[in-house]
$ cat final11.cif   # mmCIF, N, CA and C atoms
data_model
#
loop_
_atom_site.label_atom_id
_atom_site.label_comp_id
_atom_site.auth_asym_id
_atom_site.auth_seq_id
_atom_site.Cartn_x
_atom_site.Cartn_y
_atom_site.Cartn_z
N GLN O 1 -3.50 -27.79 -22.48
CA GLN O 1 -3.80 -26.98 -21.30
C GLN O 1 -2.52 -26.31 -20.82
N VAL O 2 -2.57 -24.99 -20.68
CA VAL O 2 -1.42 -24.24 -20.19
C VAL O 2 -1.62 -23.98 -18.71
N GLN O 3 -0.60 -24.27 -17.95
CA GLN O 3 -0.64 -23.96 -16.52
C GLN O 3 0.19 -22.72 -16.23
N LEU O 4 -0.38 -21.84 -15.43
CA LEU O 4 0.29 -20.61 -15.03
C LEU O 4 0.43 -20.61 -13.51
N VAL O 5 1.63 -20.41 -13.03
CA VAL O 5 1.86 -20.44 -11.59
C VAL O 5 2.48 -19.12 -11.17
N GLU O 6 1.70 -18.37 -10.35
CA GLU O 6 2.18 -17.08 -9.88
C GLU O 6 2.91 -17.22 -8.55
N SER O 7 3.77 -16.26 -8.29
CA SER O 7 4.44 -16.17 -7.00
C SER O 7 4.84 -14.72 -6.77
N GLY O 8 5.16 -14.41 -5.51
CA GLY O 8 5.69 -13.09 -5.20
C GLY O 8 4.73 -12.17 -4.48
N GLY O 9 3.50 -12.59 -4.28
CA GLY O 9 2.58 -11.74 -3.55
C GLY O 9 2.95 -11.65 -2.08
N GLY O 10 2.25 -10.78 -1.36
CA GLY O 10 2.52 -10.64 0.06
C GLY O 10 1.97 -9.33 0.58
N SER O 11 2.47 -8.95 1.74
CA SER O 11 2.02 -7.72 2.38
C SER O 11 3.14 -6.70 2.38
N VAL O 12 2.78 -5.45 2.15
CA VAL O 12 3.76 -4.38 2.08
C VAL O 12 3.11 -3.10 2.57
N GLN O 13 3.91 -2.20 3.08
CA GLN O 13 3.40 -0.91 3.52
C GLN O 13 3.21 0.02 2.33
N PRO O 14 2.35 0.99 2.46
CA PRO O 14 2.19 1.99 1.38
C PRO O 14 3.52 2.61 1.02
N GLY O 15 3.73 2.76 -0.29
CA GLY O 15 5.00 3.28 -0.78
C GLY O 15 6.02 2.20 -1.07
N GLY O 16 5.72 0.97 -0.67
CA GLY O 16 6.65 -0.13 -0.86
C GLY O 16 6.57 -0.73 -2.25
N SER O 17 7.34 -1.79 -2.43
CA SER O 17 7.45 -2.45 -3.74
C SER O 17 7.28 -3.95 -3.60
N LEU O 18 6.78 -4.55 -4.65
CA LEU O 18 6.70 -6.01 -4.76
C LEU O 18 6.93 -6.39 -6.20
N ALA O 19 7.39 -7.62 -6.40
CA ALA O 19 7.55 -8.16 -7.74
C ALA O 19 6.82 -9.48 -7.83
N LEU O 20 5.99 -9.62 -8.82
CA LEU O 20 5.26 -10.86 -9.07
C LEU O 20 5.88 -11.59 -10.25
N SER O 21 5.82 -12.92 -10.19
CA SER O 21 6.30 -13.75 -11.29
C SER O 21 5.21 -14.73 -11.68
N CYS O 22 5.22 -15.11 -12.94
CA CYS O 22 4.27 -16.11 -13.44
C CYS O 22 5.02 -17.00 -14.42
N VAL O 23 5.08 -18.28 -14.10
CA VAL O 23 5.76 -19.24 -14.97
C VAL O 23 4.71 -20.04 -15.71
N ALA O 24 4.87 -20.13 -17.03
CA ALA O 24 3.94 -20.86 -17.88
C ALA O 24 4.52 -22.22 -18.26
N SER O 25 3.62 -23.20 -18.37
CA SER O 25 4.08 -24.56 -18.68
C SER O 25 4.27 -24.79 -20.17
N ASP O 26 3.73 -23.89 -21.00
CA ASP O 26 3.73 -24.12 -22.44
C ASP O 26 5.05 -23.71 -23.09
N THR O 27 5.56 -24.55 -23.96
CA THR O 27 6.84 -24.25 -24.60
C THR O 27 6.73 -23.22 -25.71
N THR O 28 5.47 -22.89 -26.10
CA THR O 28 5.28 -21.84 -27.11
C THR O 28 5.01 -20.50 -26.44
N PHE O 29 5.50 -20.34 -25.22
CA PHE O 29 5.27 -19.14 -24.41
C PHE O 29 5.54 -17.86 -25.20
N SER O 30 6.57 -17.85 -26.00
CA SER O 30 6.96 -16.63 -26.71
C SER O 30 5.89 -16.14 -27.68
N LEU O 31 4.95 -17.02 -28.02
CA LEU O 31 3.89 -16.65 -28.97
C LEU O 31 2.65 -16.08 -28.28
N TRP O 32 2.65 -16.13 -26.96
CA TRP O 32 1.46 -15.74 -26.21
C TRP O 32 1.53 -14.28 -25.78
N SER O 33 0.37 -13.64 -25.76
CA SER O 33 0.22 -12.36 -25.10
C SER O 33 0.01 -12.65 -23.61
N MET O 34 0.81 -12.00 -22.77
CA MET O 34 0.76 -12.26 -21.33
C MET O 34 0.32 -11.01 -20.59
N GLY O 35 -0.43 -11.21 -19.54
CA GLY O 35 -0.91 -10.06 -18.80
C GLY O 35 -1.12 -10.34 -17.33
N TRP O 36 -1.35 -9.28 -16.61
CA TRP O 36 -1.71 -9.34 -15.19
C TRP O 36 -3.03 -8.60 -15.00
N PHE O 37 -3.93 -9.26 -14.29
CA PHE O 37 -5.20 -8.67 -13.90
C PHE O 37 -5.27 -8.67 -12.38
N ARG O 38 -6.19 -7.90 -11.84
CA ARG O 38 -6.38 -7.93 -10.39
C ARG O 38 -7.85 -7.80 -10.06
N GLN O 39 -8.20 -8.35 -8.91
CA GLN O 39 -9.57 -8.31 -8.46
C GLN O 39 -9.60 -8.04 -6.96
N ALA O 40 -10.17 -6.91 -6.61
CA ALA O 40 -10.35 -6.56 -5.21
C ALA O 40 -11.70 -7.10 -4.73
N PRO O 41 -11.88 -7.29 -3.43
CA PRO O 41 -13.13 -7.83 -2.91
C PRO O 41 -14.34 -7.00 -3.37
N GLY O 42 -15.32 -7.69 -3.91
CA GLY O 42 -16.54 -7.03 -4.34
C GLY O 42 -16.44 -6.28 -5.65
N LYS O 43 -15.30 -6.40 -6.33
CA LYS O 43 -15.12 -5.68 -7.58
C LYS O 43 -14.83 -6.66 -8.71
N GLN O 44 -14.92 -6.17 -9.94
CA GLN O 44 -14.64 -7.01 -11.09
C GLN O 44 -13.14 -7.15 -11.29
N ARG O 45 -12.78 -8.15 -12.08
CA ARG O 45 -11.39 -8.37 -12.41
C ARG O 45 -10.98 -7.42 -13.54
N ASP O 46 -9.96 -6.64 -13.31
CA ASP O 46 -9.54 -5.62 -14.26
C ASP O 46 -8.10 -5.84 -14.73
N LEU O 47 -7.85 -5.40 -15.95
CA LEU O 47 -6.50 -5.46 -16.49
C LEU O 47 -5.59 -4.50 -15.74
N VAL O 48 -4.40 -4.98 -15.41
CA VAL O 48 -3.36 -4.15 -14.82
C VAL O 48 -2.31 -3.80 -15.88
N ALA O 49 -1.79 -4.83 -16.54
CA ALA O 49 -0.76 -4.62 -17.55
C ALA O 49 -0.74 -5.81 -18.48
N ARG O 50 -0.31 -5.56 -19.72
CA ARG O 50 -0.27 -6.63 -20.72
C ARG O 50 0.91 -6.41 -21.63
N MET O 51 1.50 -7.51 -22.07
CA MET O 51 2.59 -7.45 -23.04
C MET O 51 2.32 -8.46 -24.14
N THR O 52 2.33 -7.99 -25.38
CA THR O 52 2.10 -8.89 -26.50
C THR O 52 3.34 -9.73 -26.78
N ALA O 53 3.18 -10.69 -27.67
CA ALA O 53 4.32 -11.51 -28.05
C ALA O 53 5.42 -10.65 -28.68
N GLY O 54 5.02 -9.56 -29.32
CA GLY O 54 5.97 -8.66 -29.96
C GLY O 54 6.59 -7.64 -29.02
N GLY O 55 6.15 -7.65 -27.76
CA GLY O 55 6.75 -6.76 -26.78
C GLY O 55 6.01 -5.46 -26.53
N MET O 56 4.87 -5.26 -27.20
CA MET O 56 4.08 -4.05 -26.94
C MET O 56 3.39 -4.18 -25.60
N THR O 57 3.32 -3.06 -24.89
CA THR O 57 2.73 -3.08 -23.56
C THR O 57 1.59 -2.07 -23.46
N ASN O 58 0.66 -2.38 -22.56
CA ASN O 58 -0.31 -1.37 -22.16
C ASN O 58 -0.63 -1.57 -20.69
N TYR O 59 -0.96 -0.46 -20.04
CA TYR O 59 -1.17 -0.45 -18.60
C TYR O 59 -2.49 0.25 -18.27
N ALA O 60 -3.07 -0.16 -17.16
CA ALA O 60 -4.19 0.59 -16.60
C ALA O 60 -3.69 1.97 -16.19
N ASP O 61 -4.53 2.97 -16.37
CA ASP O 61 -4.13 4.33 -16.03
C ASP O 61 -3.67 4.44 -14.57
N SER O 62 -4.30 3.68 -13.71
CA SER O 62 -4.02 3.79 -12.28
C SER O 62 -2.63 3.30 -11.90
N VAL O 63 -1.97 2.54 -12.79
CA VAL O 63 -0.66 1.99 -12.45
C VAL O 63 0.46 2.53 -13.33
N LYS O 64 0.12 3.33 -14.31
CA LYS O 64 1.15 3.87 -15.21
C LYS O 64 2.19 4.65 -14.42
N GLY O 65 3.45 4.38 -14.74
CA GLY O 65 4.54 5.05 -14.05
C GLY O 65 4.95 4.38 -12.75
N ARG O 66 4.15 3.44 -12.27
CA ARG O 66 4.46 2.74 -11.02
C ARG O 66 4.74 1.25 -11.24
N PHE O 67 4.05 0.65 -12.18
CA PHE O 67 4.18 -0.79 -12.45
C PHE O 67 4.87 -1.00 -13.79
N THR O 68 5.61 -2.09 -13.89
CA THR O 68 6.28 -2.45 -15.12
C THR O 68 6.11 -3.94 -15.38
N ILE O 69 5.66 -4.27 -16.58
CA ILE O 69 5.55 -5.67 -16.98
C ILE O 69 6.74 -6.02 -17.88
N SER O 70 7.27 -7.21 -17.68
CA SER O 70 8.34 -7.68 -18.55
C SER O 70 8.21 -9.19 -18.70
N ARG O 71 8.93 -9.75 -19.65
CA ARG O 71 8.87 -11.19 -19.86
C ARG O 71 10.24 -11.72 -20.24
N ASP O 72 10.46 -12.97 -19.87
CA ASP O 72 11.69 -13.67 -20.23
C ASP O 72 11.26 -14.94 -20.95
N ASN O 73 11.31 -14.92 -22.26
CA ASN O 73 10.81 -16.06 -23.02
C ASN O 73 11.66 -17.31 -22.81
N ALA O 74 12.91 -17.13 -22.50
CA ALA O 74 13.77 -18.29 -22.25
C ALA O 74 13.37 -19.03 -20.98
N ARG O 75 12.74 -18.30 -20.07
CA ARG O 75 12.30 -18.89 -18.80
C ARG O 75 10.79 -19.09 -18.73
N ASN O 76 10.09 -18.80 -19.84
CA ASN O 76 8.62 -18.92 -19.86
C ASN O 76 7.99 -18.14 -18.71
N THR O 77 8.50 -16.96 -18.43
CA THR O 77 8.10 -16.21 -17.25
C THR O 77 7.74 -14.77 -17.61
N VAL O 78 6.66 -14.30 -16.99
CA VAL O 78 6.28 -12.90 -17.08
C VAL O 78 6.34 -12.31 -15.68
N TYR O 79 6.76 -11.06 -15.59
CA TYR O 79 6.95 -10.40 -14.31
C TYR O 79 6.08 -9.15 -14.23
N LEU O 80 5.76 -8.77 -13.01
CA LEU O 80 5.12 -7.49 -12.76
C LEU O 80 5.86 -6.84 -11.60
N TYR O 81 6.54 -5.75 -11.90
CA TYR O 81 7.26 -5.00 -10.89
C TYR O 81 6.38 -3.84 -10.44
N MET O 82 6.10 -3.80 -9.15
CA MET O 82 5.17 -2.82 -8.61
C MET O 82 5.88 -1.93 -7.61
N ASN O 83 5.87 -0.64 -7.89
CA ASN O 83 6.50 0.34 -7.01
C ASN O 83 5.47 1.34 -6.53
N SER O 84 5.83 2.07 -5.48
CA SER O 84 4.96 3.12 -4.92
C SER O 84 3.55 2.58 -4.71
N LEU O 85 3.46 1.46 -4.06
CA LEU O 85 2.16 0.81 -3.88
C LEU O 85 1.25 1.62 -2.97
N HIS O 86 -0.03 1.62 -3.35
CA HIS O 86 -1.08 2.29 -2.60
C HIS O 86 -1.98 1.23 -1.97
N SER O 87 -2.75 1.65 -0.98
CA SER O 87 -3.73 0.72 -0.39
C SER O 87 -4.74 0.26 -1.45
N GLU O 88 -4.99 1.12 -2.43
CA GLU O 88 -5.94 0.77 -3.50
C GLU O 88 -5.41 -0.33 -4.42
N ASP O 89 -4.14 -0.65 -4.32
CA ASP O 89 -3.58 -1.75 -5.12
C ASP O 89 -3.82 -3.11 -4.48
N THR O 90 -4.39 -3.12 -3.30
CA THR O 90 -4.69 -4.38 -2.62
C THR O 90 -5.71 -5.19 -3.43
N ALA O 91 -5.34 -6.41 -3.77
CA ALA O 91 -6.20 -7.25 -4.59
C ALA O 91 -5.53 -8.62 -4.75
N VAL O 92 -6.28 -9.53 -5.34
CA VAL O 92 -5.68 -10.77 -5.83
C VAL O 92 -5.23 -10.51 -7.27
N TYR O 93 -3.99 -10.82 -7.55
CA TYR O 93 -3.42 -10.58 -8.87
C TYR O 93 -3.35 -11.91 -9.63
N TYR O 94 -3.85 -11.88 -10.86
CA TYR O 94 -3.92 -13.07 -11.68
C TYR O 94 -3.07 -12.91 -12.94
N CYS O 95 -2.34 -13.94 -13.25
CA CYS O 95 -1.60 -14.01 -14.50
C CYS O 95 -2.55 -14.51 -15.59
N HIS O 96 -2.41 -13.97 -16.79
CA HIS O 96 -3.30 -14.33 -17.90
C HIS O 96 -2.47 -14.57 -19.15
N ALA O 97 -2.85 -15.60 -19.90
CA ALA O 97 -2.20 -15.90 -21.17
C ALA O 97 -3.25 -15.98 -22.26
N HIS O 98 -2.94 -15.39 -23.40
CA HIS O 98 -3.89 -15.37 -24.52
C HIS O 98 -3.16 -15.64 -25.83
N ASN O 99 -3.77 -16.52 -26.64
CA ASN O 99 -3.24 -16.76 -27.98
C ASN O 99 -4.29 -17.44 -28.83
N SER O 100 -4.58 -16.89 -29.97
CA SER O 100 -5.49 -17.51 -30.94
C SER O 100 -6.81 -17.92 -30.30
N GLY O 101 -7.39 -17.04 -29.54
CA GLY O 101 -8.70 -17.30 -28.97
C GLY O 101 -8.69 -18.14 -27.70
N LEU O 102 -7.53 -18.59 -27.30
CA LEU O 102 -7.42 -19.36 -26.07
C LEU O 102 -6.98 -18.45 -24.92
N ASP O 103 -7.58 -18.67 -23.76
CA ASP O 103 -7.27 -17.88 -22.57
C ASP O 103 -7.04 -18.80 -21.38
N TYR O 104 -5.99 -18.50 -20.64
CA TYR O 104 -5.68 -19.27 -19.44
C TYR O 104 -5.39 -18.30 -18.29
N TRP O 105 -5.71 -18.78 -17.08
CA TRP O 105 -5.52 -17.97 -15.87
C TRP O 105 -4.71 -18.74 -14.84
N GLY O 106 -3.92 -18.00 -14.09
CA GLY O 106 -3.28 -18.58 -12.93
C GLY O 106 -4.24 -18.62 -11.76
N GLN O 107 -3.77 -19.14 -10.65
CA GLN O 107 -4.62 -19.30 -9.48
C GLN O 107 -4.74 -18.02 -8.66
N GLY O 108 -3.90 -17.07 -8.93
CA GLY O 108 -3.95 -15.79 -8.22
C GLY O 108 -2.99 -15.73 -7.05
N THR O 109 -2.52 -14.53 -6.78
CA THR O 109 -1.65 -14.31 -5.63
C THR O 109 -2.09 -13.00 -4.95
N GLN O 110 -2.17 -13.05 -3.64
CA GLN O 110 -2.70 -11.91 -2.89
C GLN O 110 -1.63 -10.85 -2.69
N VAL O 111 -1.99 -9.61 -2.95
CA VAL O 111 -1.15 -8.46 -2.65
C VAL O 111 -1.94 -7.56 -1.69
N THR O 112 -1.35 -7.29 -0.55
CA THR O 112 -2.00 -6.45 0.45
C THR O 112 -1.10 -5.28 0.78
N VAL O 113 -1.63 -4.09 0.63
CA VAL O 113 -0.88 -2.87 0.92
C VAL O 113 -1.56 -2.19 2.11
N SER O 114 -0.86 -2.20 3.22
CA SER O 114 -1.47 -1.69 4.46
C SER O 114 -0.39 -1.26 5.42
N SER O 115 -0.71 -0.23 6.18
CA SER O 115 0.22 0.22 7.22
C SER O 115 -0.09 -0.46 8.54
#
$ encode --input "final11.cif" --output "structure tokens"
Amino acid sequence: QVQLVESGGGSVQPGGSLALSCVASDTTFSLWSMGWFRQAPGKQRDLVARMTAGGMTNYADSVKGRFTISRDNARNTVYLYMNSLHSEDTAVYYCHAHNSGLDYWGQGTQVTVSS
């Protein structure tokens, strides 16, 4: 069982920035594809950004150019740097790990963008 623990959520004004972190308990972290999803009230959970074990990334169109995903395999940590935040980015953000058909989720961290 892999445990994922997110941190870094909070409240910010439109145009502001936040950085999320997710620490994984598994020592084979470098082999996992890591991602961030988000779920707004009444909506489905959608992919925000993902990075494969090889370092390839993909982003939702709505966050391209504003969000950046990165990982530090030595620290078993994946990051999501969010800039130019909009009110539409308000959601619970979930860390996700995938490898060989296995999927794990963090508990989620709230991001609220409001003036």
$ atom_distance --input "final11.cif" --atom1 "atom N of O:Arg71" --atom2 "atom CA of O:Val23"
11.0 Å
$ resolve_selection --input "final11.cif" --expression "the PyMOL selection byres ((chain O and resi 24-30) around 7)" --output "PyMOL selection string"
chain O and resi 1-5+22-23+31-33+52-54+73+75-78
$ resolve_selection --input "final11.cif" --expression "the PyMOL selection byres ((chain O and resi 6-12) around 8)" --output "count of residues only"
30
$ residues_around --input "final11.cif" --residues "O:Leu47" --least-positions-apart "6" --cutoff "6 Å" --atoms "all atoms listed in the file" --output "list in words"
Trp36, Phe37, Arg38 and Ala60 of chain O
$ residues_around --input "final11.cif" --residues "O:Ile69" --least-positions-apart "4" --cutoff "6 Å" --atoms "only N, CA and C atoms" --output "list in words"
Tyr79, Leu80 and Tyr81 of chain O
$ select_by_dssp --input "final11.cif" --residues "stretch 10-92 of chain O" --states "helix (DSSP H, G or I)" --output "PyMOL selection string"
chain O and resi 29-31+61-63+73-75+87-89
$ atom_distance --input "final11.cif" --atom1 "atom C of O:Ala49" --atom2 "atom CA of O:Met34"
7.2 Å
$ atom_distance --input "final11.cif" --atom1 "atom CA of O:Lys64" --atom2 "atom C of O:Pro41"
22.3 Å
$ axis_aligned_box --input "final11.cif" --around "stretch 30-44 of chain O" --padding-each-side "5 Å" --output "AutoDock Vina command-line options"
--center_x -4.8 --center_y -11.8 --center_z -15.9 --size_x 33.5 --size_y 22.2 --size_z 36.1
$ closest_residue --input "final11.cif" --among "O:Asp72, O:Gly35, O:Ser100, O:Thr90" --to "O:Met51" --atoms "all atoms listed in the file"
O:Gly35
$ select_by_dssp --input "final11.cif" --residues "chain O" --states "strand (DSSP E)" --output "PyMOL selection string"
chain O and resi 4-7+10-12+18-24+33-39+46-51+57-59+67-72+77-82+91-99+102-105+109-113
$ decode --input "final11.cif" --residues "stretch 36-47 of chain O" --atoms "all heavy atoms" --output "compact mmCIF listing (two decimals), in the first residue's frame"
# COMPACT_ATOMS: atom_id res chain seq x y z
N TRP O 36 -1.48 15.00 -10.68
CA TRP O 36 -2.40 15.81 -9.87
C TRP O 36 -3.74 15.87 -10.59
O TRP O 36 -3.79 16.14 -11.80
CB TRP O 36 -1.85 17.21 -9.67
CG TRP O 36 -0.65 17.28 -8.79
CD1 TRP O 36 0.66 17.26 -9.17
CD2 TRP O 36 -0.65 17.39 -7.37
NE1 TRP O 36 1.48 17.34 -8.08
CE2 TRP O 36 0.69 17.42 -6.95
CE3 TRP O 36 -1.65 17.45 -6.40
CZ2 TRP O 36 1.06 17.52 -5.61
CZ3 TRP O 36 -1.28 17.56 -5.07
CH2 TRP O 36 0.06 17.58 -4.68
N PHE O 37 -4.79 15.61 -9.82
CA PHE O 37 -6.16 15.74 -10.30
C PHE O 37 -6.86 16.77 -9.43
O PHE O 37 -6.38 17.10 -8.33
CB PHE O 37 -6.90 14.40 -10.20
CG PHE O 37 -6.47 13.39 -11.23
CD1 PHE O 37 -5.22 12.79 -11.19
CD2 PHE O 37 -7.34 13.01 -12.25
CE1 PHE O 37 -4.84 11.84 -12.13
CE2 PHE O 37 -6.98 12.07 -13.19
CZ PHE O 37 -5.73 11.49 -13.13
N ARG O 38 -8.00 17.26 -9.89
CA ARG O 38 -8.77 18.17 -9.05
C ARG O 38 -10.25 17.90 -9.24
O ARG O 38 -10.68 17.43 -10.30
CB ARG O 38 -8.45 19.62 -9.35
CG ARG O 38 -8.85 20.12 -10.73
CD ARG O 38 -8.35 21.54 -10.94
NE ARG O 38 -8.72 22.06 -12.25
CZ ARG O 38 -8.28 23.21 -12.73
NH1 ARG O 38 -7.45 23.97 -12.00
NH2 ARG O 38 -8.67 23.63 -13.92
N GLN O 39 -10.99 18.22 -8.19
CA GLN O 39 -12.43 18.02 -8.22
C GLN O 39 -13.11 19.21 -7.56
O GLN O 39 -12.91 19.47 -6.37
CB GLN O 39 -12.82 16.73 -7.51
CG GLN O 39 -14.27 16.36 -7.64
CD GLN O 39 -14.56 14.95 -7.19
OE1 GLN O 39 -13.78 14.34 -6.44
NE2 GLN O 39 -15.65 14.38 -7.65
N ALA O 40 -13.89 19.91 -8.35
CA ALA O 40 -14.68 21.03 -7.84
C ALA O 40 -16.04 20.50 -7.39
O ALA O 40 -16.48 19.43 -7.85
CB ALA O 40 -14.85 22.08 -8.93
N PRO O 41 -16.74 21.22 -6.52
CA PRO O 41 -18.03 20.75 -6.02
C PRO O 41 -19.00 20.48 -7.17
O PRO O 41 -19.16 21.30 -8.08
CB PRO O 41 -18.52 21.92 -5.17
CG PRO O 41 -17.27 22.58 -4.71
CD PRO O 41 -16.32 22.46 -5.86
N GLY O 42 -19.59 19.30 -7.15
CA GLY O 42 -20.58 18.93 -8.15
C GLY O 42 -20.00 18.52 -9.49
O GLY O 42 -20.75 18.29 -10.44
N LYS O 43 -18.68 18.42 -9.58
CA LYS O 43 -18.05 18.08 -10.85
C LYS O 43 -17.21 16.81 -10.68
O LYS O 43 -16.91 16.37 -9.58
CB LYS O 43 -17.18 19.23 -11.33
CG LYS O 43 -17.97 20.49 -11.67
CD LYS O 43 -17.10 21.53 -12.32
CE LYS O 43 -17.91 22.76 -12.72
NZ LYS O 43 -17.08 23.78 -13.40
N GLN O 44 -16.83 16.23 -11.81
CA GLN O 44 -16.01 15.03 -11.77
C GLN O 44 -14.56 15.39 -11.49
O GLN O 44 -14.16 16.53 -11.61
CB GLN O 44 -16.11 14.29 -13.11
CG GLN O 44 -15.50 15.03 -14.30
CD GLN O 44 -15.65 14.27 -15.59
OE1 GLN O 44 -16.49 13.38 -15.73
NE2 GLN O 44 -14.83 14.59 -16.57
N ARG O 45 -13.80 14.37 -11.10
CA ARG O 45 -12.39 14.56 -10.85
C ARG O 45 -11.64 14.51 -12.19
O ARG O 45 -11.76 13.55 -12.94
CB ARG O 45 -11.87 13.46 -9.92
CG ARG O 45 -10.47 13.67 -9.43
CD ARG O 45 -10.07 12.60 -8.42
NE ARG O 45 -10.90 12.64 -7.23
CZ ARG O 45 -10.67 11.89 -6.15
NH1 ARG O 45 -9.62 11.07 -6.12
NH2 ARG O 45 -11.46 11.96 -5.10
N ASP O 46 -10.88 15.55 -12.47
CA ASP O 46 -10.20 15.68 -13.75
C ASP O 46 -8.69 15.78 -13.58
O ASP O 46 -8.20 16.32 -12.58
CB ASP O 46 -10.68 16.93 -14.49
CG ASP O 46 -12.11 16.83 -14.97
OD1 ASP O 46 -12.54 15.72 -15.34
OD2 ASP O 46 -12.80 17.86 -14.98
N LEU O 47 -7.99 15.30 -14.59
CA LEU O 47 -6.54 15.42 -14.60
C LEU O 47 -6.13 16.88 -14.73
O LEU O 47 -6.66 17.61 -15.57
CB LEU O 47 -5.96 14.61 -15.76
CG LEU O 47 -4.46 14.75 -15.98
CD1 LEU O 47 -3.69 14.08 -14.86
CD2 LEU O 47 -4.05 14.18 -17.34
